Number of protein chains: 2
Amino acid sequence: VPRIEGEALVRVLAAGICNTDLEIIKGYAGFQGILGHEFVGEVVDAPDRAFVGRRVAGEINVGCGRCRLCLQGDSRHCSDRTVLGIKGRNGAFAEFLSLPIHNLIEVPESLTNEEAVLIEPTAAACEILEQVAVTPDTKVAVIGDGKLGQLAVRVIATAGCEITLIGKHQEKLKLASAAASRLVWVDAESQSAIVSNLLADLDGYGFDLMVEASGSPSGIELALQLVKPRGTVVLKSTHHDKTPLDLSAVVVNEITLVGSRCGRFDRAIALLAARIVDVRDLISARISLENWGNAFALAAAPSTLKVILEPGRIGS
Amino acid sequence: VPRIEGEALVRVLAAGICNTDLEIIKGYAGFQGILGHEFVGEVVDAPDRAFVGRRVAGEINVGCGRCRLCLQGDSRHCSDRTVLGIKGRNGAFAEFLSLPIHNLIEVPESLTNEEAVLIEPTAAACEILEQVAVTPDTKVAVIGDGKLGQLAVRVIATAGCEITLIGKHQEKLKLASAAASRLVWVDAESQSAIVSNLLADLDGYGFDLMVEASGSPSGIELALQLVKPRGTVVLKSTHHDKTPLDLSAVVVNEITLVGSRCGRFDRAIALLAARIVDVRDLISARISLENWGNAFALAAAPSTLKVILEPGRIGS
């Protein structure tokens, strides 16, 4: 049982497949090891026995604990960090995982295991609100109707602003109808007409804030077409390849691009526990860990949202 | 004589060749017309006769005057704008040019014509301080020892911070020795060692603020290597081509990229007139307008800084 000295051993109850996992399989981040960084589990062993038996989620970045960033509380950017299932540390697609106690956060009883698995990606969506000022007047559009786009819409809506969701899948778009004030279906052929229509609706000025969560280079291009001069584009997707970018448009229109990754768990847990952000409709399937191959194939399909792996599940 | 109805006619005394002019010749911005957007001139005709005889510099963006951005005072981003010598409006490499009176700013007597030509690019450097908070504690590095890099170093130094200038030309680097606290010569072979040394000097954390003013894709790559997590990279260069960018590094390290273009003239004129920013050593040559071909060839040479064209100059 792989408990790292000084850390807690956690029995995985459920773990989610993220697009980052699919990118890592293609070669992104060069990680060799057990994947999985979205999970809920039960502490079965820990240096402090008081933690044993608790149901927890976990911050995925483990810093060195000694550098300036770690001492400032930002282990997420420690240059010597390991990252659960992504960098130097086996992940959650297993029966057990090991994490330091201070990475673990107890999950409120009101949250199901499936909801708790979504704490980590919900925190990643919350990070947008930590990085960019969003007010009820901010005109926001999110590109990408997948898991991250759905969470971004629901989290940003808590700022009280109107949000446009732009995506390629009618069924997935519909899931955002409560939180988004406008749903825009787009494909390669319709894109230029849709850009014109959206800009006309905004009197030609573009959105104050674009969130790129499609995971596609064409999504970034679309974001640069739709953002207003001096506006902000938040980049949420990690890609395996370099992306050709029209930086002259960024310079001439004085756009700010903001890279955005992991967020703090406390805000996410509060929003989920109060069901201000409700993620129950984002679960596409629960599959036993032993059928991980089928689960990954399903997760890669365009119509799928969150696929959850359960080590303790019997059968499929 | 090409005075546009309602505008002022300006006799050009001197005009500077900018890298943007060299990029436009390669195809950037698709502009067909007279180039030139850095100038000083004398008003020879104007709807309000009080302006005639004044020595002026000029804001290069001419907005529609009716849209929300223009009414907010930001004609620089009006979507219907023309731009002197760049977009829909003939520029300053001519005997005369036409601009609206409200684009013109009188040049203090203490400034020579050559210095006044540098008001526009100095304003572009001042724009960095409008966009990003720089304090005496901010660790800043500028990439590019050319005209824009030199101006960026001198302008940012007014914030009281220490600046590292990174460039490929020993002679040009030396020109920044007053304003920059560290000069770093780099070439393709030495780059990785230099990155390691600089990061070691910063305890591994990187610079708070990188300014990319090299005009080269490798400059952006270097900036992303040297910026600290959650740091800022200001992009000052416009390129003809798309740039392949490692957006995953931007996302994972949560870097902010800020496109930066033209700035307001008032700050630039104040800094130049007080010689807080002294640009006299940045003038490489003064050449008559009729010898523009030689002037452009000289401006494109790596060792050259600002080349100034003078319509009234006799001979070379």
# chains A, B, ... in the order shown; residues from 1 in each chain; ligands from 1

$ select_by_dssp --residues "range 78-244 of chain B" --states "strand (DSSP E)" --output "count of residues only"
39

$ interface_residues --of "chain A" --to "chain B" --cutoff "7 Å" --atoms "only C-alpha atoms" --output "ChimeraX atom specification"
/A:77,229,235-236,238-239,242-248,250-261

$ residues_around --residues "Gln170 in chain A" --least-positions-apart "5" --cutoff "12 Å" --atoms "only C-alpha atoms" --output "count of residues only"
14

$ select_by_dssp --residues "range 30-151 of chain B" --states "helix (DSSP H, G or I)" --output "number ranges by chain"
B: 30, 49-51, 68-71, 75-77, 101-103, 113-117, 119-131, 147-151

$ atom_distance --atom1 "CA of Lys147 in chain B" --atom2 "CA of Leu305 in chain B"
5.6 Å

$ residues_around --residues "Val277 in chain A" --least-positions-apart "5" --cutoff "10 Å" --atoms "only C-alpha atoms" --output "number ranges by chain"
A: 122, 151, 153-158, 179, 268-272

$ write_last_selection --atoms "N, CA and C atoms" --output "compact mmCIF listing (two decimals), in the first residue's frame"
# COMPACT_ATOMS: atom_id res chain seq x y z
N THR A 122 -14.43 22.29 -10.20
CA THR A 122 -15.17 23.50 -9.83
C THR A 122 -14.22 24.55 -9.26
N LEU A 151 -18.86 24.28 -16.03
CA LEU A 151 -18.53 24.74 -14.68
C LEU A 151 -18.21 26.22 -14.67
N VAL A 153 -19.41 28.56 -16.63
CA VAL A 153 -20.66 29.31 -16.72
C VAL A 153 -21.34 29.37 -15.36
N ARG A 154 -21.42 28.22 -14.70
CA ARG A 154 -22.15 28.17 -13.43
C ARG A 154 -21.45 28.96 -12.33
N VAL A 155 -20.13 28.91 -12.33
CA VAL A 155 -19.38 29.66 -11.30
C VAL A 155 -19.41 31.16 -11.59
N ILE A 156 -19.17 31.55 -12.84
CA ILE A 156 -19.14 32.98 -13.16
C ILE A 156 -20.52 33.60 -12.95
N ALA A 157 -21.58 32.82 -13.18
CA ALA A 157 -22.94 33.34 -12.97
C ALA A 157 -23.15 33.80 -11.53
N THR A 158 -22.37 33.28 -10.59
CA THR A 158 -22.53 33.71 -9.19
C THR A 158 -22.13 35.16 -9.00
N ALA A 179 -27.96 28.86 -16.13
CA ALA A 179 -26.92 29.82 -15.73
C ALA A 179 -26.54 30.79 -16.84
N ALA A 268 -15.15 26.45 -3.87
CA ALA A 268 -15.85 25.41 -4.65
C ALA A 268 -16.76 24.58 -3.76
N ILE A 269 -16.23 24.18 -2.61
CA ILE A 269 -17.03 23.35 -1.70
C ILE A 269 -18.25 24.12 -1.20
N ALA A 270 -18.07 25.39 -0.89
CA ALA A 270 -19.19 26.20 -0.41
C ALA A 270 -20.27 26.32 -1.48
N LEU A 271 -19.86 26.59 -2.72
CA LEU A 271 -20.84 26.75 -3.81
C LEU A 271 -21.56 25.43 -4.10
N LEU A 272 -20.81 24.32 -4.06
CA LEU A 272 -21.42 23.01 -4.34
C LEU A 272 -22.33 22.57 -3.20

$ atom_distance --atom1 "CA of Arg182 in chain A" --atom2 "CA of Glu38 in chain A"
29.5 Å

$ atom_distance --atom1 "CA of Gly33 in chain B" --atom2 "CA of Trp292 in chain B"
14.8 Å

$ residues_around --residues "Val12 in chain B" --least-positions-apart "4" --cutoff "7 Å" --atoms "only C-alpha atoms" --output "PDB file with N, CA, C and O atoms, in the first residue's frame"
ATOM      1  N   PHE B  39       6.491  61.548 -36.279  1.00  0.00           N
ATOM      2  CA  PHE B  39       6.883  62.773 -36.997  1.00  0.00           C
ATOM      3  C   PHE B  39       6.835  63.985 -36.083  1.00  0.00           C
ATOM      4  O   PHE B  39       6.210  63.985 -35.020  1.00  0.00           O
ATOM      5  N   VAL B  40       7.503  65.024 -36.547  1.00  0.00           N
ATOM      6  CA  VAL B  40       7.278  66.375 -36.031  1.00  0.00           C
ATOM      7  C   VAL B  40       7.088  67.261 -37.260  1.00  0.00           C
ATOM      8  O   VAL B  40       7.718  67.035 -38.306  1.00  0.00           O
ATOM      9  N   GLY B  41       6.181  68.210 -37.161  1.00  0.00           N
ATOM     10  CA  GLY B  41       5.914  69.047 -38.323  1.00  0.00           C
ATOM     11  C   GLY B  41       5.410  70.417 -37.909  1.00  0.00           C
ATOM     12  O   GLY B  41       5.247  70.710 -36.716  1.00  0.00           O
ATOM     13  N   GLU B  42       5.171  71.236 -38.933  1.00  0.00           N
ATOM     14  CA  GLU B  42       4.670  72.585 -38.688  1.00  0.00           C
ATOM     15  C   GLU B  42       3.307  72.714 -39.352  1.00  0.00           C
ATOM     16  O   GLU B  42       3.155  72.382 -40.536  1.00  0.00           O
ATOM     17  N   ALA B  92       3.689  59.927 -42.825  1.00  0.00           N
ATOM     18  CA  ALA B  92       4.593  61.061 -42.622  1.00  0.00           C
ATOM     19  C   ALA B  92       5.843  61.026 -43.496  1.00  0.00           C
ATOM     20  O   ALA B  92       6.645  61.956 -43.434  1.00  0.00           O
ATOM     21  N   ALA B  94       6.571  62.018 -46.303  1.00  0.00           N
ATOM     22  CA  ALA B  94       6.072  62.887 -47.370  1.00  0.00           C
ATOM     23  C   ALA B  94       6.362  64.330 -46.953  1.00  0.00           C
ATOM     24  O   ALA B  94       6.753  64.588 -45.819  1.00  0.00           O
ATOM     25  N   GLU B  95       6.148  65.245 -47.853  1.00  0.00           N
ATOM     26  CA  GLU B  95       6.364  66.649 -47.486  1.00  0.00           C
ATOM     27  C   GLU B  95       5.272  67.157 -46.547  1.00  0.00           C
ATOM     28  O   GLU B  95       5.525  67.987 -45.676  1.00  0.00           O
ATOM     29  N   PHE B  96       4.050  66.655 -46.781  1.00  0.00           N
ATOM     30  CA  PHE B  96       2.916  67.110 -45.976  1.00  0.00           C
ATOM     31  C   PHE B  96       2.099  65.913 -45.511  1.00  0.00           C
ATOM     32  O   PHE B  96       2.090  64.868 -46.159  1.00  0.00           O
ATOM     33  N   LEU B  97       1.413  66.101 -44.393  1.00  0.00           N
ATOM     34  CA  LEU B  97       0.415  65.114 -43.976  1.00  0.00           C
ATOM     35  C   LEU B  97      -0.790  65.852 -43.419  1.00  0.00           C
ATOM     36  O   LEU B  97      -0.728  67.051 -43.121  1.00  0.00           O
ATOM     37  N   PRO B 311      12.317  65.637 -45.000  1.00  0.00           N
ATOM     38  CA  PRO B 311      11.919  66.116 -46.334  1.00  0.00           C
ATOM     39  C   PRO B 311      12.685  67.364 -46.761  1.00  0.00           C
ATOM     40  O   PRO B 311      12.969  67.550 -47.939  1.00  0.00           O
TER      41      PRO B 311
END

$ residues_around --residues "Leu202 in chain B" --least-positions-apart "4" --cutoff "12 Å" --atoms "only C-alpha atoms" --output "mmCIF file with C-alpha atoms, in the first residue's frame"
data_model
loop_
_atom_site.group_PDB
_atom_site.id
_atom_site.type_symbol
_atom_site.label_atom_id
_atom_site.label_comp_id
_atom_site.auth_asym_id
_atom_site.auth_seq_id
_atom_site.Cartn_x
_atom_site.Cartn_y
_atom_site.Cartn_z
ATOM 1 C CA ARG A 68 9.142 31.340 -0.968
ATOM 2 C CA LYS B 139 11.637 42.818 -10.845
ATOM 3 C CA VAL B 140 11.588 43.779 -14.507
ATOM 4 C CA ALA B 141 13.380 42.445 -17.565
ATOM 5 C CA THR B 164 17.533 43.838 -16.679
ATOM 6 C CA VAL B 195 18.148 31.555 -18.418
ATOM 7 C CA SER B 196 19.570 29.289 -15.685
ATOM 8 C CA ASN B 197 21.904 32.005 -14.409
ATOM 9 C CA LEU B 198 19.218 34.675 -14.322
ATOM 10 C CA GLY B 206 11.689 34.526 -12.326
ATOM 11 C CA PHE B 207 10.893 38.150 -13.076
ATOM 12 C CA ASP B 208 7.630 39.771 -12.031
ATOM 13 C CA LEU B 226 12.036 33.957 -17.382
ATOM 14 C CA VAL B 227 8.715 35.153 -15.980
ATOM 15 C CA LYS B 228 7.717 33.947 -12.534
#

$ residues_around --residues "Glu290 in chain A" --least-positions-apart "4" --cutoff "12 Å" --atoms "only C-alpha atoms" --output "PyMOL selection string"
chain A and resi 93-95+286+294-296+309-316

$ closest_residue --among "B:Phe265, B:Ile220, B:Ile24, B:Val134" --to "Val56 in chain B" --atoms "only C-alpha atoms"
B:Phe265

$ closest_residue --among "A:Arg264, A:Ala300, A:Ser216, A:Ile308" --to "Glu127 in chain A" --atoms "only C-alpha atoms"
A:Arg264

$ closest_residue --among "A:Ile128, A:Leu84, A:Ala133, A:Leu118" --to "Ser98 in chain A" --atoms "only C-alpha atoms"
A:Leu84
